[in-house]
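Since the structure comes first, as structure tokens, the remarks are kept for the end.
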Amino acid sequence: MLKNYTLILFLTGMLVACNKDDKKVDSLQSDENLTYVDPFIGTGGHGHTYPGATVPFGMLQVTPVNGISKWDWCSGYHFSDSIVVGFSHLALSGTGIGDLNDILVMPINKKIDFSKEIKGRDDLPYKSSYSHKNETASPGYYQLYLEDHNVNVELTTAQRTAIHKYTFQEGDDQSVIVDLGFAINWDRPLATSLNIEDEYTVTGYRHSTGWAKNQKVFFVMKFSKPITAHELYKDYAAIDDKMVADSKTAAQFFFDATKGTELKVKVSLSSVSVENAKDNMEGYEEGFPFEEVKTKAENVWEKALTNIEVETPVDSLKTIFYTALYHTQVAPVTFSDVNGEFRKENDSIDKAENYTAYSTLSLWDTFRAENPLLTIIAPEKVSDIINSMLAYYDTRGILPVWTLYGNETNTMTGYHSIPVITDAYLKGFKGFDAEKAFNAMKETMMQDERGLKYYKEFGYIPYTSIDESVTITLEYAYNDWCVAQMAKALGKQEDYEYFKNRSEAYTYLLDAESGFMRGKSEDGKSWREPFDPKHSNHREHTDYTEGNAWQHSWFVPHNVEKFIELHGGEEIFTERLEQLFTENSEITGDNVSADISGLIGQYAHGNEPSHHIAYLFNRAGKPWRTQYWVNHILNTQYNTTPNGLSGNEDCGQMSAWYVMSSIGLYPMNPASTEYEIGSPLFDKATINLPGGKSFEIIAENVSDKNIYIQSATLNGEAFNQTNISHEAILKGGKLQFVMGSEPNKSWGVKAK
């Protein structure tokens, strides 16, 4: 039967491929863009992405779950695995901590026994093996053949409703498991419930604690066939009822196999209530239009993938680019229900008035390039994201750090909602209350939590006060600069002066003799000893966050000129910067952070603190070294395999770096409203802007050897600078480079 089914899959795939080929004759470029996306990129190695179905910034991520709670399974799935325990409806894209994977559903062809205690994946009676040969994924669609149950699973989703399609073997029993707590997960279930409302409908909830401390997921699930029999379980015992509630519950539902081999399931979720989950099925109350939803998801993705279009004869570059562009639009995720309601961590129910609330805000990562990219490719989302952050501020009196399912996780350092707000306001976004946003920024940076007490007292954070003092000081200095810029734009001169002065906190920590940012004592006179710039200790007993002094000594994006002066001038600065990339890659220490990956010398592209560094050469009179190293990173840190990301995707940041750098631009200072120029990979990149305008970036003669800019023009006029403003891009036009194999050391360099 498996061989016959595989043949059917093959012939179906050939038919689809032929139809695609026929379609391409008259297709738009967008149709082609969709075919280049490979959701499996990043599902191997340390990428931590998931391959399942979602729509741009959608509420649901319906995806396979391997059932292992280890670091490389943070999304619930890893390409190295071959066991699946079900399909969940919430997932994280590329994070360094795991959670979600809620409302687990698994089709099987036999009755199972839930009476035995489950201590791990091997004990799950419904798990199945699978092969990547019978697995496919594309934007908005996922398919997997379950070898142990002879069931083909297909998944697709709209913004708030997912649809499953299961094809069983002729004559096999048809059954579905819903597991709300027995399978091992990242979080711990606190209260769960399953309720059979009628022969087609099951509702319930799953309340849990994990990375998100107060996670409440309500659901409605409808089947295309009536439930003919069922078994409900709690505490490993069957319950003879239509409703069950406990810390861990599960159910097995049975269906009439004589009424066709196909069973469909549709699922909607809510953080608020079962009733809201039912409302979130709006538009899909009747029927199970799997193909219609799949086609709509593909069409939405096609449109999203035309925001930037690239031209190159190298198909692998298109695959990397469009997959990266795809990954930049899977997070943050819709959190408010169709009626605007959403739950906060204190269990209050808020309502998004005239905006959509978002969660999964990985701000330590995304403020660097992902959020600036969204101001270009998804401007309609920008104010909504900021309004979401302000809603969380209303609860805590502090802007969010890392928001997951409405919960503040306080994960990572700094308050990088601040540069996101500043960047948006300075770029002209007006869909949020700027005065409220500024007050939130100011209050956040004037409170005492997370080391700010010491920062205010000493002007920096002494290493004797808290761990990661150097990284935190540098990031607070940048946050202060952003507050100052917002104050200046709002005419608040006193606040501008105060936060601008505080933004020079980095000057306390630079050891000019060695060139490293180092931990300093409370007396301001002595450094932490002994000192090894290659030493890493993960999160404790360290001055650096997920890295070492080599990687964390370069974060002064707001005042690079003064930073260079403190080093002793451009020559010393660029020598040290060059050494970062050419130093040997040894990392010392007994508890080295696993996040240090993608090493080029001591530069670690697999983690975000390194992402701006190659662009610093632009400001130090050697833009050709920016061009060289950016090109090197583009070509060595990304590829088309499941291991195609050199580190955690981190909700779009790793991909945003590629998207922007590959077209020749990067926001080295994310709130400056300017983009540094690097080394474009493509013959042509077109940014399609609102109002029918476009901005073209053309790289004449570009190739794997012709990586250096020889000359440039902007709208036909000579262009001899290494940055361009957001405003200039929004006007539309054409930035044209002539590329060559040798550096032009006079292009982009200021006369001295």
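Going through the structure tokens in order, the chains are called A, B, and so on, while each chain numbers its residues from 1 and the ligands are numbered from 1 in the order shown.
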Subject >> DSSP-assigned strand (DSSP E) among stretch 302-414 of chain A, expressed as a list in words >> reply: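 Those residues are Ile308, Glu309, Val310, Glu311, Val333, Thr334, Glu341, Phe342, Arg343, Ile349, Asp350, Lys351, Tyr358, Ser359, Leu361, Ser362, Trp402, Thr403, Leu404, Asn407 and Glu408 of chain A.
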**OP:** Using only C-alpha atoms, determine which residues lie at most 12 Å from A:Ala229, disregarding the query and same-chain residues fewer than 5 positions distant; provide the list as a PyMOL selection string.
**Re:** chain A and resi 111+173-176+196+198-200+240-242+251-256
Dump all heavy atoms for the selected residues as a short mmCIF file (atom, residue, chain, number, x, y, z; two decimals), in the first residue's frame?
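Final output, saved to again_15.cif:
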```
data_model
loop_
_atom_site.label_atom_id
_atom_site.label_comp_id
_atom_site.auth_asym_id
_atom_site.auth_seq_id
_atom_site.Cartn_x
_atom_site.Cartn_y
_atom_site.Cartn_z
N LYS A 111 -7.00 1.95 17.47
CA LYS A 111 -7.35 2.35 18.83
C LYS A 111 -6.10 2.24 19.70
O LYS A 111 -5.33 1.29 19.58
CB LYS A 111 -8.45 1.46 19.38
CG LYS A 111 -9.00 1.91 20.73
CD LYS A 111 -10.12 0.98 21.19
CE LYS A 111 -10.76 1.50 22.47
NZ LYS A 111 -9.79 1.65 23.58
N ASP A 173 -9.19 1.94 9.86
CA ASP A 173 -9.91 2.72 10.85
C ASP A 173 -9.49 4.18 10.74
O ASP A 173 -8.35 4.50 10.39
CB ASP A 173 -9.60 2.22 12.26
CG ASP A 173 -10.21 0.86 12.55
OD1 ASP A 173 -11.13 0.47 11.81
OD2 ASP A 173 -9.75 0.21 13.50
N GLN A 174 -10.43 5.07 11.05
CA GLN A 174 -10.14 6.51 10.98
C GLN A 174 -10.33 7.11 12.37
O GLN A 174 -11.41 7.03 12.94
CB GLN A 174 -11.05 7.19 9.96
CG GLN A 174 -10.83 6.69 8.54
CD GLN A 174 -11.74 7.37 7.53
OE1 GLN A 174 -12.37 8.40 7.82
NE2 GLN A 174 -11.82 6.80 6.34
N SER A 175 -9.26 7.70 12.87
CA SER A 175 -9.28 8.21 14.23
C SER A 175 -8.38 9.43 14.34
O SER A 175 -7.43 9.59 13.56
CB SER A 175 -8.79 7.10 15.18
OG SER A 175 -8.69 7.58 16.50
N VAL A 176 -8.67 10.28 15.31
CA VAL A 176 -7.87 11.47 15.57
C VAL A 176 -7.62 11.58 17.07
O VAL A 176 -8.56 11.46 17.88
CB VAL A 176 -8.56 12.75 15.07
CG1 VAL A 176 -7.80 14.00 15.52
CG2 VAL A 176 -8.68 12.74 13.55
N ILE A 196 -17.13 17.82 24.06
CA ILE A 196 -17.79 17.44 22.80
C ILE A 196 -19.13 18.17 22.76
O ILE A 196 -20.09 17.77 23.42
CB ILE A 196 -17.98 15.92 22.71
CG1 ILE A 196 -16.63 15.21 22.84
CG2 ILE A 196 -18.65 15.55 21.38
CD1 ILE A 196 -16.73 13.71 22.93
N ASP A 198 -21.10 18.81 19.97
CA ASP A 198 -22.03 18.05 19.14
C ASP A 198 -21.20 17.03 18.36
O ASP A 198 -19.99 16.92 18.57
CB ASP A 198 -22.86 18.96 18.21
CG ASP A 198 -21.99 19.82 17.29
OD1 ASP A 198 -21.07 19.28 16.65
OD2 ASP A 198 -22.24 21.04 17.22
N GLU A 199 -21.83 16.29 17.47
CA GLU A 199 -21.12 15.20 16.80
C GLU A 199 -20.02 15.67 15.85
O GLU A 199 -19.22 14.86 15.40
CB GLU A 199 -22.11 14.30 16.06
CG GLU A 199 -22.90 15.03 14.97
CD GLU A 199 -23.91 14.12 14.30
OE1 GLU A 199 -23.82 12.89 14.50
OE2 GLU A 199 -24.78 14.62 13.55
N TYR A 200 -19.99 16.97 15.57
CA TYR A 200 -18.95 17.52 14.70
C TYR A 200 -17.96 18.43 15.42
O TYR A 200 -16.91 18.75 14.87
CB TYR A 200 -19.59 18.33 13.56
CG TYR A 200 -20.39 17.52 12.58
CD1 TYR A 200 -21.78 17.44 12.69
CD2 TYR A 200 -19.77 16.83 11.53
CE1 TYR A 200 -22.53 16.70 11.79
CE2 TYR A 200 -20.51 16.09 10.63
CZ TYR A 200 -21.90 16.02 10.77
OH TYR A 200 -22.62 15.29 9.87
N ASP A 240 -16.03 8.27 31.03
CA ASP A 240 -17.26 8.00 30.29
C ASP A 240 -18.16 9.23 30.34
O ASP A 240 -19.09 9.32 31.14
CB ASP A 240 -17.96 6.78 30.88
CG ASP A 240 -19.19 6.39 30.06
OD1 ASP A 240 -19.29 6.85 28.90
OD2 ASP A 240 -20.03 5.64 30.58
N ASP A 241 -17.83 10.19 29.49
CA ASP A 241 -18.57 11.45 29.51
C ASP A 241 -18.28 12.16 28.19
O ASP A 241 -17.51 11.68 27.36
CB ASP A 241 -18.11 12.31 30.69
CG ASP A 241 -19.14 13.36 31.08
OD1 ASP A 241 -20.07 13.60 30.28
OD2 ASP A 241 -19.00 13.95 32.16
N LYS A 242 -18.90 13.31 28.01
CA LYS A 242 -18.63 14.13 26.82
C LYS A 242 -17.77 15.34 27.16
O LYS A 242 -17.51 16.17 26.30
CB LYS A 242 -19.94 14.59 26.18
CG LYS A 242 -20.70 13.47 25.49
CD LYS A 242 -21.83 14.01 24.65
CE LYS A 242 -22.49 12.91 23.84
NZ LYS A 242 -23.56 13.44 22.96
N ALA A 251 -7.94 12.95 24.11
CA ALA A 251 -9.11 12.27 23.58
C ALA A 251 -8.74 11.52 22.32
O ALA A 251 -7.80 11.89 21.60
CB ALA A 251 -10.22 13.27 23.29
N GLN A 252 -9.50 10.44 22.07
CA GLN A 252 -9.43 9.78 20.78
C GLN A 252 -10.83 9.78 20.19
O GLN A 252 -11.80 9.34 20.84
CB GLN A 252 -8.91 8.35 20.89
CG GLN A 252 -8.79 7.67 19.52
CD GLN A 252 -8.02 6.37 19.54
OE1 GLN A 252 -7.82 5.76 20.59
NE2 GLN A 252 -7.57 5.94 18.37
N PHE A 253 -10.94 10.29 18.97
CA PHE A 253 -12.22 10.37 18.27
C PHE A 253 -12.20 9.41 17.08
O PHE A 253 -11.18 9.30 16.38
CB PHE A 253 -12.50 11.79 17.80
CG PHE A 253 -12.51 12.80 18.92
CD1 PHE A 253 -11.46 13.69 19.09
CD2 PHE A 253 -13.57 12.86 19.81
CE1 PHE A 253 -11.46 14.61 20.12
CE2 PHE A 253 -13.58 13.78 20.85
CZ PHE A 253 -12.53 14.66 21.00
N PHE A 254 -13.34 8.75 16.84
CA PHE A 254 -13.44 7.77 15.76
C PHE A 254 -14.48 8.23 14.74
O PHE A 254 -15.48 8.88 15.09
CB PHE A 254 -13.84 6.40 16.33
CG PHE A 254 -12.85 5.86 17.33
CD1 PHE A 254 -12.99 6.15 18.69
CD2 PHE A 254 -11.79 5.08 16.93
CE1 PHE A 254 -12.09 5.67 19.63
CE2 PHE A 254 -10.88 4.58 17.86
CZ PHE A 254 -11.03 4.88 19.20
N PHE A 255 -14.25 7.85 13.47
CA PHE A 255 -15.09 8.31 12.37
C PHE A 255 -15.41 7.14 11.44
O PHE A 255 -14.67 6.15 11.38
CB PHE A 255 -14.39 9.44 11.61
CG PHE A 255 -13.98 10.58 12.49
CD1 PHE A 255 -12.73 10.58 13.13
CD2 PHE A 255 -14.84 11.64 12.73
CE1 PHE A 255 -12.36 11.62 13.97
CE2 PHE A 255 -14.47 12.69 13.57
CZ PHE A 255 -13.23 12.67 14.19
N ASP A 256 -16.50 7.29 10.69
CA ASP A 256 -16.99 6.24 9.80
C ASP A 256 -16.09 6.11 8.57
O ASP A 256 -16.07 7.00 7.71
CB ASP A 256 -18.43 6.55 9.39
CG ASP A 256 -19.08 5.40 8.65
OD1 ASP A 256 -18.36 4.47 8.23
OD2 ASP A 256 -20.31 5.44 8.49
#
```
Extract, using only C-alpha atoms, all DNA, RNA and protein residues at most 8 Å from stretch 410-427 of chain A, discarding same-chain residues fewer than 5 positions from it, and format them as a CSV table (one decimal) with C-alpha atoms, in the first residue's frame.
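Written output follows (selection.csv):
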```csv
chain,number,residue,atom,x,y,z
A,363,LEU,CA,13.0,42.7,20.1
A,364,TRP,CA,16.7,42.1,21.1
A,367,PHE,CA,15.3,45.9,16.3
A,371,ASN,CA,11.9,46.0,12.2
A,372,PRO,CA,13.6,48.5,9.9
A,375,THR,CA,9.0,49.8,7.5
A,382,VAL,CA,4.5,49.1,11.9
A,383,SER,CA,2.1,51.2,13.9
A,386,ILE,CA,4.0,49.8,18.3
A,389,MET,CA,4.0,47.4,22.7
A,399,LEU,CA,7.9,48.9,27.6
A,400,PRO,CA,8.3,45.2,26.6
A,401,VAL,CA,11.6,43.4,26.3
A,402,TRP,CA,10.5,40.1,24.7
A,403,THR,CA,6.7,39.5,24.5
A,434,ALA,CA,3.8,59.8,19.9
A,437,ALA,CA,5.2,56.5,23.3
A,441,MET,CA,10.3,55.3,26.6
A,444,THR,CA,11.2,52.7,31.0
A,471,THR,CA,26.6,44.4,27.0
A,472,ILE,CA,23.8,45.9,29.1
A,475,GLU,CA,22.7,48.7,24.8
A,476,TYR,CA,21.3,51.1,27.4
A,479,ASN,CA,18.5,53.1,24.0
A,482,CYS,CA,17.1,56.8,20.7
A,483,VAL,CA,15.1,58.4,23.5
A,485,GLN,CA,16.2,61.5,19.2
A,486,MET,CA,12.6,61.1,19.9
A,489,ALA,CA,11.7,65.4,17.3
A,545,THR,CA,25.6,38.4,26.6
A,670,PRO,CA,18.6,51.0,13.2
A,671,ALA,CA,16.9,54.2,14.4
A,672,SER,CA,18.9,56.6,12.2
A,673,THR,CA,16.5,56.4,9.2
A,726,HIS,CA,14.9,56.1,4.0
A,727,GLU,CA,13.3,59.2,2.6
```
**OP:** Might you pull out every residue within 10 Å of A:Ala91, with only C-alpha atoms counted and same-chain residues fewer than 3 positions away left off, and present them as an MDAnalysis selection string?
**Re:** chainID A and resid 49:50 52 54 59:65 74:77 88 94:95 98:102 360
Can you pull out every residue from stretch 421-493 of chain A that DSSP, working from the backbone, puts in alpha helix (DSSP H), and format the result as a tab-separated table (two decimals) with N, CA, C and O atoms, in the first residue's frame?
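And here's out-v2.tsv as it stands now:
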```
chain	number	residue	atom	x	y	z
A	421	ILE	N	10.35	52.13	18.12
A	421	ILE	CA	9.45	53.28	18.15
A	421	ILE	C	10.11	54.50	17.53
A	421	ILE	O	9.51	55.22	16.70
A	422	THR	N	11.35	54.77	17.90
A	422	THR	CA	12.07	55.94	17.38
A	422	THR	C	12.20	55.87	15.87
A	422	THR	O	11.93	56.85	15.15
A	423	ASP	N	12.61	54.72	15.37
A	423	ASP	CA	12.77	54.53	13.93
A	423	ASP	C	11.47	54.83	13.20
A	423	ASP	O	11.45	55.55	12.19
A	424	ALA	N	10.36	54.28	13.72
A	424	ALA	CA	9.07	54.48	13.05
A	424	ALA	C	8.66	55.94	13.06
A	424	ALA	O	8.23	56.49	12.04
A	425	TYR	N	8.81	56.60	14.21
A	425	TYR	CA	8.38	58.00	14.30
A	425	TYR	C	9.21	58.89	13.39
A	425	TYR	O	8.67	59.76	12.68
A	426	LEU	N	10.52	58.69	13.39
A	426	LEU	CA	11.38	59.52	12.56
A	426	LEU	C	11.17	59.25	11.07
A	426	LEU	O	11.48	60.11	10.24
A	434	ALA	N	2.35	59.50	19.77
A	434	ALA	CA	3.78	59.77	19.93
A	434	ALA	C	4.11	60.25	21.33
A	434	ALA	O	5.16	59.90	21.89
A	435	GLU	N	3.24	61.07	21.92
A	435	GLU	CA	3.50	61.56	23.28
A	435	GLU	C	3.46	60.42	24.28
A	435	GLU	O	4.32	60.32	25.17
A	436	LYS	N	2.48	59.54	24.14
A	436	LYS	CA	2.41	58.38	25.02
A	436	LYS	C	3.64	57.49	24.83
A	436	LYS	O	4.22	57.00	25.80
A	437	ALA	N	4.02	57.31	23.57
A	437	ALA	CA	5.19	56.48	23.27
A	437	ALA	C	6.45	57.06	23.90
A	437	ALA	O	7.26	56.34	24.49
A	438	PHE	N	6.61	58.38	23.80
A	438	PHE	CA	7.79	59.00	24.41
A	438	PHE	C	7.78	58.85	25.92
A	438	PHE	O	8.80	58.53	26.53
A	439	ASN	N	6.63	59.08	26.53
A	439	ASN	CA	6.55	58.93	27.98
A	439	ASN	C	6.87	57.50	28.40
A	439	ASN	O	7.54	57.28	29.43
A	440	ALA	N	6.43	56.54	27.59
A	440	ALA	CA	6.73	55.13	27.88
A	440	ALA	C	8.23	54.88	27.78
A	440	ALA	O	8.82	54.17	28.62
A	441	MET	N	8.86	55.45	26.77
A	441	MET	CA	10.30	55.30	26.59
A	441	MET	C	11.05	55.92	27.78
A	441	MET	O	11.98	55.31	28.34
A	442	LYS	N	10.65	57.12	28.15
A	442	LYS	CA	11.33	57.83	29.24
A	442	LYS	C	11.15	57.10	30.56
A	442	LYS	O	12.13	56.89	31.31
A	443	GLU	N	9.92	56.69	30.86
A	443	GLU	CA	9.67	55.99	32.11
A	443	GLU	C	10.45	54.68	32.17
A	443	GLU	O	10.97	54.29	33.22
A	444	THR	N	10.51	54.00	31.05
A	444	THR	CA	11.23	52.73	30.99
A	444	THR	C	12.70	52.93	31.33
A	444	THR	O	13.29	52.19	32.13
A	445	MET	N	13.32	53.96	30.76
A	445	MET	CA	14.75	54.18	30.96
A	445	MET	C	15.06	54.89	32.28
A	445	MET	O	16.23	54.99	32.66
A	446	MET	N	14.03	55.36	32.99
A	446	MET	CA	14.27	56.01	34.27
A	446	MET	C	13.94	55.13	35.47
A	446	MET	O	14.11	55.55	36.62
A	452	LEU	N	19.25	49.20	35.61
A	452	LEU	CA	19.17	50.65	35.39
A	452	LEU	C	19.50	51.44	36.65
A	452	LEU	O	19.99	52.58	36.56
A	453	LYS	N	19.24	50.87	37.80
A	453	LYS	CA	19.61	51.56	39.05
A	453	LYS	C	21.10	51.87	39.07
A	453	LYS	O	21.52	53.00	39.38
A	454	TYR	N	21.92	50.89	38.73
A	454	TYR	CA	23.38	51.09	38.72
A	454	TYR	C	23.81	51.96	37.56
A	454	TYR	O	24.73	52.78	37.69
A	455	TYR	N	23.14	51.80	36.44
A	455	TYR	CA	23.46	52.61	35.26
A	455	TYR	C	23.28	54.09	35.55
A	455	TYR	O	24.11	54.93	35.19
A	456	LYS	N	22.19	54.42	36.24
A	456	LYS	CA	21.94	55.82	36.59
A	456	LYS	C	22.92	56.32	37.65
A	456	LYS	O	23.33	57.49	37.63
A	457	GLU	N	23.29	55.45	38.56
A	457	GLU	CA	24.18	55.86	39.65
A	457	GLU	C	25.61	56.10	39.19
A	457	GLU	O	26.26	57.08	39.59
A	458	PHE	N	26.12	55.20	38.35
A	458	PHE	CA	27.53	55.26	37.98
A	458	PHE	C	27.78	55.80	36.57
A	458	PHE	O	28.91	56.13	36.22
A	469	SER	N	27.35	43.02	32.36
A	469	SER	CA	27.36	44.47	32.58
A	469	SER	C	27.80	45.26	31.36
A	469	SER	O	27.28	46.36	31.10
A	470	VAL	N	28.75	44.73	30.60
A	470	VAL	CA	29.24	45.47	29.44
A	470	VAL	C	28.17	45.54	28.36
A	470	VAL	O	27.84	46.61	27.84
A	471	THR	N	27.61	44.39	28.02
A	471	THR	CA	26.56	44.36	26.99
A	471	THR	C	25.39	45.24	27.38
A	471	THR	O	24.89	46.02	26.56
A	472	ILE	N	24.96	45.13	28.62
A	472	ILE	CA	23.79	45.91	29.07
A	472	ILE	C	24.08	47.40	29.02
A	472	ILE	O	23.25	48.20	28.57
A	473	THR	N	25.27	47.80	29.46
A	473	THR	CA	25.64	49.22	29.41
A	473	THR	C	25.61	49.74	27.99
A	473	THR	O	25.05	50.82	27.71
A	474	LEU	N	26.21	49.02	27.07
A	474	LEU	CA	26.26	49.46	25.68
A	474	LEU	C	24.86	49.57	25.08
A	474	LEU	O	24.56	50.52	24.33
A	475	GLU	N	24.01	48.63	25.41
A	475	GLU	CA	22.66	48.67	24.85
A	475	GLU	C	21.81	49.76	25.48
A	475	GLU	O	21.01	50.41	24.79
A	476	TYR	N	21.98	50.01	26.77
A	476	TYR	CA	21.28	51.13	27.39
A	476	TYR	C	21.76	52.46	26.83
A	476	TYR	O	20.96	53.40	26.66
A	477	ALA	N	23.04	52.56	26.52
A	477	ALA	CA	23.55	53.79	25.91
A	477	ALA	C	22.86	54.04	24.58
A	477	ALA	O	22.48	55.18	24.26
A	478	TYR	N	22.69	52.97	23.81
A	478	TYR	CA	21.99	53.13	22.53
A	478	TYR	C	20.52	53.45	22.74
A	478	TYR	O	19.96	54.33	22.07
A	479	ASN	N	19.88	52.77	23.68
A	479	ASN	CA	18.49	53.09	24.00
A	479	ASN	C	18.35	54.57	24.38
A	479	ASN	O	17.40	55.25	23.95
A	480	ASP	N	19.29	55.07	25.18
A	480	ASP	CA	19.26	56.49	25.58
A	480	ASP	C	19.35	57.41	24.36
A	480	ASP	O	18.66	58.43	24.28
A	481	TRP	N	20.23	57.07	23.43
A	481	TRP	CA	20.37	57.88	22.22
A	481	TRP	C	19.04	57.94	21.47
A	481	TRP	O	18.64	59.00	20.96
A	482	CYS	N	18.35	56.79	21.42
A	482	CYS	CA	17.06	56.75	20.73
A	482	CYS	C	16.03	57.61	21.44
A	482	CYS	O	15.25	58.33	20.78
A	483	VAL	N	16.01	57.56	22.76
A	483	VAL	CA	15.09	58.42	23.52
A	483	VAL	C	15.42	59.88	23.22
A	483	VAL	O	14.51	60.71	23.04
A	484	ALA	N	16.69	60.21	23.15
A	484	ALA	CA	17.11	61.59	22.86
A	484	ALA	C	16.61	62.04	21.50
A	484	ALA	O	16.13	63.18	21.34
A	485	GLN	N	16.70	61.17	20.51
A	485	GLN	CA	16.25	61.55	19.16
A	485	GLN	C	14.74	61.76	19.12
A	485	GLN	O	14.24	62.67	18.45
A	486	MET	N	14.02	60.93	19.85
A	486	MET	CA	12.56	61.10	19.93
A	486	MET	C	12.23	62.40	20.65
A	486	MET	O	11.33	63.15	20.22
A	487	ALA	N	12.95	62.69	21.71
A	487	ALA	CA	12.73	63.93	22.46
A	487	ALA	C	12.98	65.14	21.56
A	487	ALA	O	12.21	66.11	21.56
A	488	LYS	N	14.06	65.07	20.80
A	488	LYS	CA	14.39	66.18	19.90
A	488	LYS	C	13.30	66.40	18.87
A	488	LYS	O	12.90	67.55	18.60
A	489	ALA	N	12.79	65.30	18.31
A	489	ALA	CA	11.74	65.41	17.29
A	489	ALA	C	10.45	65.98	17.87
A	489	ALA	O	9.68	66.63	17.16
A	493	GLN	N	13.64	69.66	24.62
A	493	GLN	CA	15.07	69.93	24.63
A	493	GLN	C	15.76	69.43	25.89
A	493	GLN	O	16.86	68.86	25.83
```
Original post:
Can you list, as a list in words, every protein, DNA or RNA residue that comes within 10 Å of A:Leu689 when you count only C-alpha atoms, leaving out same-chain residues fewer than 6 positions away?
Top reply: Asn307, Ile308, Ile376, Ile377, Ala378, Pro379, Phe695, Ile729, Leu730, Lys731 and Gly732 of chain A
Subject >> Point-to-point distance from atom CA of A:Val630 to atom CA of A:His605, Å rounded to tenths >> reply: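 Between atom CA of A:Val630 and atom CA of A:His605 the gap works out to 10.8 Å.
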Original post:
Near A:Asp179, within 10 Å and counting only C-alpha atoms, which residues show up once chain neighbours fewer than 4 positions away are dropped, as a list of chain:residue names?
Top reply: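 Using only C-alpha atoms, the neighbours found are A:Val85, A:Gly86, A:Ser88, A:Asp102, A:Ile103, A:Leu104, A:Val105, A:Met106, A:Ala183, A:Thr192, A:Leu194, A:Arg206, A:Tyr233, A:Lys248, A:Thr249, A:Ala250, A:Ala251, A:Gln252.
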How would the residues just picked look written out with C-alpha atoms as an mmCIF file, in the first residue's frame?
```
data_model
loop_
_atom_site.group_PDB
_atom_site.id
_atom_site.type_symbol
_atom_site.label_atom_id
_atom_site.label_comp_id
_atom_site.auth_asym_id
_atom_site.auth_seq_id
_atom_site.Cartn_x
_atom_site.Cartn_y
_atom_site.Cartn_z
ATOM 1 C CA VAL A 85 3.904 13.018 17.566
ATOM 2 C CA GLY A 86 1.329 15.329 16.024
ATOM 3 C CA SER A 88 0.254 21.813 16.633
ATOM 4 C CA ASP A 102 -0.215 23.909 21.630
ATOM 5 C CA ILE A 103 -3.348 21.921 20.760
ATOM 6 C CA LEU A 104 -1.690 18.795 19.419
ATOM 7 C CA VAL A 105 -3.674 16.777 16.865
ATOM 8 C CA MET A 106 -2.661 13.425 15.346
ATOM 9 C CA ALA A 183 2.975 14.531 25.255
ATOM 10 C CA THR A 192 -6.930 21.611 30.255
ATOM 11 C CA LEU A 194 -12.101 18.899 26.186
ATOM 12 C CA ARG A 206 -5.075 24.538 27.498
ATOM 13 C CA TYR A 233 -8.830 10.640 29.255
ATOM 14 C CA LYS A 248 -3.620 16.838 31.498
ATOM 15 C CA THR A 249 -6.362 15.607 29.199
ATOM 16 C CA ALA A 250 -6.558 13.835 25.871
ATOM 17 C CA ALA A 251 -9.113 12.268 23.579
ATOM 18 C CA GLN A 252 -9.431 9.775 20.777
#
```
**OP:** Please provide the set of residues having any atom within 6 Å of A:His46, restricted to only C-alpha atoms, with same-chain residues fewer than 2 positions apart removed, written as a ChimeraX atom specification.
**Re:** /A:48,72,647-648
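In this model, the gap between atom CA of A:Glu291 and atom CA of A:Ala257 comes to 22.1 Å.
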Subject >> Nearest candidate to A:Glu262 (options A:Trp71, A:Tyr166, A:Tyr496, A:Trp301; using only C-alpha atoms) >> reply: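 The answer is A:Tyr166, which sits nearest to A:Glu262.
Nearest residue to A:Lys344, choosing from A:Glu309, A:Glu717, A:Glu571, A:Asp394 and counting only C-alpha atoms: A:Asp394.
Comparing the minimum interatomic distances between A:Phe581 and each of A:Leu645, A:Val293, A:Ile600, A:Met281, counting only C-alpha atoms, we find that A:Ile600 sits nearest.
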